[in-house]
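Undergrad: Contents of my_file05.csv (CSV, C-alpha atoms):
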```csv
chain,number,residue,atom,x,y,z
J,909,MET,CA,-40.5,39.9,-95.5
J,910,SER,CA,-37.5,38.3,-96.9
J,911,LEU,CA,-36.9,35.2,-98.9
J,912,LEU,CA,-36.0,33.1,-95.8
J,913,ASP,CA,-39.0,34.1,-93.7
J,914,PRO,CA,-41.7,31.4,-93.4
J,915,PRO,CA,-45.0,32.1,-95.0
J,916,ALA,CA,-47.9,33.2,-92.8
J,917,ASP,CA,-50.0,30.5,-91.5
J,918,LYS,CA,-53.6,30.3,-92.6
J,919,PRO,CA,-56.0,30.1,-89.8
J,920,ASP,CA,-57.9,26.8,-89.5
J,921,LYS,CA,-61.0,28.7,-88.5
J,922,SER,CA,-61.8,29.6,-92.0
J,923,ARG,CA,-61.6,26.0,-93.2
J,924,ALA,CA,-63.8,24.8,-90.4
J,925,MET,CA,-66.3,27.6,-91.1
J,926,ALA,CA,-66.5,26.6,-94.8
J,927,PHE,CA,-67.2,23.0,-94.0
J,928,THR,CA,-69.8,24.0,-91.5
J,929,ILE,CA,-71.6,26.3,-94.0
J,930,ALA,CA,-71.4,23.5,-96.6
J,931,ALA,CA,-72.9,21.0,-94.2
J,932,LEU,CA,-75.7,23.3,-93.2
J,933,ALA,CA,-76.5,24.0,-96.9
J,934,VAL,CA,-76.7,20.3,-97.6
J,935,ILE,CA,-79.0,19.7,-94.6
J,936,ALA,CA,-81.2,22.6,-95.7
J,937,ILE,CA,-81.5,21.3,-99.2
J,938,VAL,CA,-82.4,17.8,-98.0
J,939,ALA,CA,-85.0,19.2,-95.5
J,940,LEU,CA,-86.6,21.3,-98.2
J,941,TRP,CA,-86.7,18.4,-100.6
J,942,PHE,CA,-88.5,16.2,-98.0
J,943,THR,CA,-90.9,19.0,-97.2
J,944,PHE,CA,-91.9,19.9,-100.7
J,945,ARG,CA,-91.4,16.7,-102.8
J,946,TYR,CA,-95.1,16.0,-103.0
J,947,TYR,CA,-96.3,19.6,-103.1
J,948,PRO,CA,-97.8,19.5,-106.6
J,949,GLU,CA,-99.8,16.4,-105.8
J,950,LYS,CA,-101.0,17.9,-102.5
J,951,ARG,CA,-102.2,21.0,-104.3
J,952,ALA,CA,-104.0,18.9,-106.9
J,953,ALA,CA,-105.7,17.0,-104.0
J,954,GLU,CA,-106.7,20.2,-102.3
J,955,ARG,CA,-108.2,21.6,-105.5
J,956,PHE,CA,-110.2,18.4,-105.9
J,957,PHE,CA,-111.5,18.3,-102.3
J,958,ASP,CA,-112.2,22.1,-102.3
J,959,ALA,CA,-114.4,21.5,-105.4
J,960,LEU,CA,-116.3,18.7,-103.5
J,961,VAL,CA,-116.7,20.9,-100.4
J,962,ALA,CA,-118.1,23.7,-102.5
J,963,GLY,CA,-120.6,21.2,-104.1
J,964,ASP,CA,-119.1,21.6,-107.6
J,965,THR,CA,-119.1,17.9,-108.6
J,966,ALA,CA,-118.7,18.8,-112.3
J,967,GLN,CA,-115.4,20.6,-111.5
J,968,ALA,CA,-114.3,17.8,-109.2
J,969,TYR,CA,-115.1,15.2,-111.9
J,970,GLN,CA,-113.1,17.2,-114.4
J,971,LEU,CA,-110.1,17.4,-111.9
J,972,TRP,CA,-110.4,13.6,-111.4
J,973,LYS,CA,-109.6,13.2,-115.1
J,974,PRO,CA,-111.4,9.9,-115.3
J,975,GLY,CA,-110.9,7.1,-117.8
J,976,PRO,CA,-113.7,6.1,-120.3
J,977,THR,CA,-115.1,3.5,-117.9
J,978,TYR,CA,-115.6,5.9,-114.9
J,979,THR,CA,-118.6,7.9,-115.8
J,980,MET,CA,-120.2,10.9,-114.1
J,981,LYS,CA,-122.8,8.5,-112.7
J,982,ASP,CA,-120.1,6.3,-111.1
J,983,PHE,CA,-118.3,9.5,-109.8
J,984,LEU,CA,-121.5,10.7,-108.1
J,985,ALA,CA,-122.1,7.3,-106.6
J,986,ASP,CA,-118.7,7.6,-105.0
J,987,TRP,CA,-118.4,11.4,-104.2
J,988,GLY,CA,-121.9,12.9,-104.7
J,989,SER,CA,-124.2,14.1,-101.9
J,990,GLN,CA,-125.7,10.6,-101.6
J,991,GLY,CA,-122.5,8.8,-102.5
J,992,TYR,CA,-120.4,6.4,-100.6
J,993,TYR,CA,-117.9,9.1,-99.4
J,994,GLY,CA,-120.3,12.0,-99.6
J,995,PRO,CA,-121.4,14.5,-98.8
J,996,VAL,CA,-118.0,16.0,-98.3
J,997,LYS,CA,-118.2,19.1,-96.2
J,998,SER,CA,-114.7,19.1,-94.8
J,999,TYR,CA,-111.5,17.2,-95.3
J,1000,ALA,CA,-108.0,16.9,-93.9
J,1001,ILE,CA,-105.0,15.5,-95.8
J,1002,ASP,CA,-103.2,13.2,-93.5
J,1003,HIS,CA,-100.3,11.7,-95.4
J,1004,LEU,CA,-98.7,11.6,-98.8
J,1005,ARG,CA,-96.3,8.9,-99.9
J,1006,ALA,CA,-95.0,7.1,-103.0
J,1007,PRO,CA,-95.8,3.4,-102.8
J,1008,ARG,CA,-92.9,1.1,-103.6
J,1009,GLY,CA,-92.9,0.0,-107.2
J,1010,SER,CA,-95.6,2.6,-108.2
J,1011,VAL,CA,-95.4,5.8,-110.3
J,1012,SER,CA,-98.3,7.3,-108.3
J,1013,VAL,CA,-98.5,9.2,-105.1
J,1014,ALA,CA,-100.9,7.9,-102.5
J,1015,VAL,CA,-102.8,10.5,-100.6
J,1016,THR,CA,-104.6,9.6,-97.4
J,1017,VAL,CA,-107.5,12.0,-96.6
J,1018,ARG,CA,-110.1,12.1,-93.9
J,1019,VAL,CA,-113.5,13.3,-95.3
J,1020,SER,CA,-116.4,14.3,-93.1
J,1021,PRO,CA,-120.0,15.2,-93.7
J,1022,TYR,CA,-119.7,18.0,-91.1
J,1023,SER,CA,-118.1,21.4,-91.4
J,1024,PRO,CA,-115.7,22.0,-89.7
J,1025,MET,CA,-113.9,18.7,-89.4
J,1026,PRO,CA,-115.1,17.2,-86.1
J,1027,ASP,CA,-112.8,16.9,-83.1
J,1028,PRO,CA,-111.7,13.3,-82.4
J,1029,SER,CA,-113.2,13.6,-78.9
J,1030,ASP,CA,-116.7,14.1,-80.5
J,1031,ALA,CA,-117.5,10.4,-80.9
J,1032,GLU,CA,-120.9,11.0,-82.6
J,1033,LYS,CA,-119.6,13.1,-85.4
J,1034,SER,CA,-116.2,11.4,-85.7
J,1035,ARG,CA,-117.9,8.1,-86.4
J,1036,LYS,CA,-119.0,9.4,-89.8
J,1037,THR,CA,-115.6,10.6,-90.8
J,1038,ARG,CA,-114.1,8.3,-93.5
J,1039,VAL,CA,-110.4,7.7,-94.3
J,1040,VAL,CA,-109.9,7.6,-98.0
J,1041,GLU,CA,-106.8,6.7,-100.0
J,1042,ILE,CA,-106.6,8.1,-103.5
J,1043,TRP,CA,-103.7,7.9,-105.9
J,1044,ILE,CA,-102.5,10.8,-108.0
J,1045,LEU,CA,-100.4,10.3,-111.1
J,1046,PRO,CA,-97.7,13.0,-111.0
J,1047,ARG,CA,-97.4,13.4,-114.8
J,1048,ASP,CA,-100.9,14.6,-115.4
J,1049,LYS,CA,-102.4,15.0,-111.9
J,1050,SER,CA,-105.1,12.4,-112.6
J,1051,PHE,CA,-106.8,10.6,-109.7
J,1052,SER,CA,-107.7,7.0,-109.2
J,1053,PHE,CA,-108.5,4.6,-106.4
J,1054,PRO,CA,-105.7,2.2,-105.4
J,1055,PRO,CA,-105.7,-1.1,-107.2
```
Show how you would write the structure in this file as structure tokens.

TA:
Amino acid sequence: MSLLDPPADKPDKSRAMAFTIAALAVIAIVALWFTFRYYPEKRAAERFFDALVAGDTAQAYQLWKPGPTYTMKDFLADWGSQGYYGPVKSYAIDHLRAPRGSVSVAVTVRVSPYSPMPDPSDAEKSRKTRVVEIWILPRDKSFSFPP
């Protein structure tokens, strides 16, 4: 190679490959964020409903982290074996979302007095399945009903 020879051309393939890899990395990061953004709240809801399914209302009440006005008697009136939503023998978490203007995560759950969760085609058992929305505060994983 002499001083007057032109420099070797860089192949454009390497530049296109770098942009492709960068774009795929960004897409993967965004997909992972959308998949796992409510994971801690989902785990908290699963722990709460697992305690209810096991019949451990004391543990479920502790996981609820109630305020001073929501007593164990009120909790059992809602979630106990004779409560409004009880008995909870199975559940399915349908949807998690962050309501606009709220710091909480809304969790939509189907609860059933039958184990396992009844098939939608079984009208007799599906009729007793209730859809419940609870809110979870991300900072301390405390539960509440929507306002």

Undergrad: Just the number, please: distance in Å from CA of Tyr969 in chain J to CA of Tyr947 in chain J, one decimal.

TA: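 Atom-to-atom, CA of Tyr969 in chain J and CA of Tyr947 in chain J are spaced 21.2 Å apart.
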
Undergrad: Need the shell around Gln967 in chain J: protein/DNA/RNA residues with any atom at most 8 Å away, counting only C-alpha atoms. Skip same-chain ones fewer than 4 positions apart. Format as a list in words?

TA: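 Contacts, in chain order: Phe956, Ala959 and Leu971 of chain J.
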
Undergrad: Hey, what's within 12 Å of Lys981 in chain J if we count only C-alpha atoms and toss same-chain stuff fewer than 4 positions away? As a list in words, please?

TA: Thr965, Ala966, Tyr969, Pro974, Thr977, Ala985, Asp986, Trp987, Gly988, Gln990 and Gly991 of chain J

Undergrad: Figure out the distance between CA of Ile1001 in chain J and CA of Arg955 in chain J, please, to one decimal in Å.

TA: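 Separation of CA of Arg955 in chain J and CA of Ile1001 in chain J: 11.9 Å.
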
Undergrad: Write out as number ranges by chain each polymer residue whose atoms come within 12 Å of range 940-945 of chain J, counting only C-alpha atoms; drop sequence neighbours fewer than 4 positions from it.

TA: J: 933-936, 949-951, 1004-1006, 1013, 1046

Undergrad: Just want the 12 Å neighbourhood of Tyr993 in chain J, counted on all atoms listed in the file, with same-chain residues fewer than 6 positions away dropped. Output as a ChimeraX atom specification.

TA: /J:957,960-961,983-987,999,1017-1021,1036-1041

Undergrad: Taking all atoms listed in the file into account, which of J:Pro915, J:Gly963, J:Pro1028, J:Pro948 comes nearest Gly994 in chain J?

TA: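 Under the stated criterion, the closest residue is J:Gly963.
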
Undergrad: Please measure the separation of CA of Lys1049 in chain J and CA of Tyr992 in chain J, giving the value in Å to one decimal.

TA: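 Going from CA of Lys1049 in chain J over to CA of Tyr992 in chain J, I get 22.9 Å.
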
Undergrad: Got a sec: who's within 10 Å of Lys973 in chain J, counting all atoms listed in the file, leaving out chain neighbours fewer than 2 positions off, as a PyMOL selection string?

TA: chain J and resi 968-971+975-976+978+1048-1052

Undergrad: Given only C-alpha atoms as the basis, pick out the residue of J:Phe1053, J:Lys921, J:Ser989, J:Thr979 nearest to Asp964 in chain J.

TA: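 Closest to Asp964 in chain J, using only C-alpha atoms: J:Ser989.
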